[in-house]
Amino acid sequence: MDPALTRRRVRPGLPGRARRAALALAALLVATGCAADPGPTAPAPPAPPAASAPTPGGDCARCAPAPADVPFLRAMVAHHDRTRVVAAAATGRITDVELRTLVAAVDVTEADELATMRRWLAAAPDGGATAPAGQHPHHDAHHDVQGTQGAAATADPDLARLRAAPAGRFDAVLVEVLTAHQRAAVTLARAHLPVAVGPEVRDLADRIARSRAAQLRLLAGLPAA
């Protein structure tokens, strides 16, 4: 074997730098909603007609969501709110650079998705305040348990764990909290895909499922995991 090749293989430091560069790139892809599996995807099934028409000019930013999509949007708004609360609680305490980069990318991604979902809900006849009784009970349960408004945020056990974590354990606790939290997002999004009515909501659910799955893979590869 060529000795030069051997030296290149064992040169210290290169794997770590390559891993950090790959993670940073992946985090940026997460922030743009592109962190999906690289392989080709199967064509999506034909979408049923949307329950609402686009606004003039073809911009669907303020399309009213179908009633069947409202519970999912409400649940995801609550979930995203909580993600951002967790990210804020981690500010200034993360020691691992890779984890800090990933959390920042996640926060940017979810802030953008949150603004979109709130615009859609604001366009609903009831402002998205209520949902048809009995529809998507897993969505409603998630909203009830993981909402971040008022006393619910104060009583959040995961936030309590983060706040109480010593400096040497903070990154590990944060990875555990984010892993469980983003796994729930994947479950919610995948559950809604078969029943989504609006094509924009279906696209969002698909992007959430794929990007959070990518985030879970990144989290699992961190030193703190």
# chains A, B, ... in the order shown; residues from 1 in each chain; ligands from 1
$ residues_around --residues "A:Pro223" --least-positions-apart "3" --cutoff "9 Å" --atoms "only C-alpha atoms" --output "list in words"
Asp96, Ala172, Leu219 and Ala220 of chain A
$ closest_residue --among "A:Val97, A:Val77, A:Leu162, A:Val197" --to "A:Asp112" --atoms "only C-alpha atoms"
A:Val77
$ residues_around --residues "A:Ala196" --least-positions-apart "5" --cutoff "7 Å" --atoms "only C-alpha atoms" --output "list in words"
Asp69, Val201 and Arg202 of chain A
$ residues_around --residues "A:Val186" --least-positions-apart "3" --cutoff "9 Å" --atoms "only C-alpha atoms" --output "ChimeraX atom specification"
/A:182-183,189-191,205,208-213
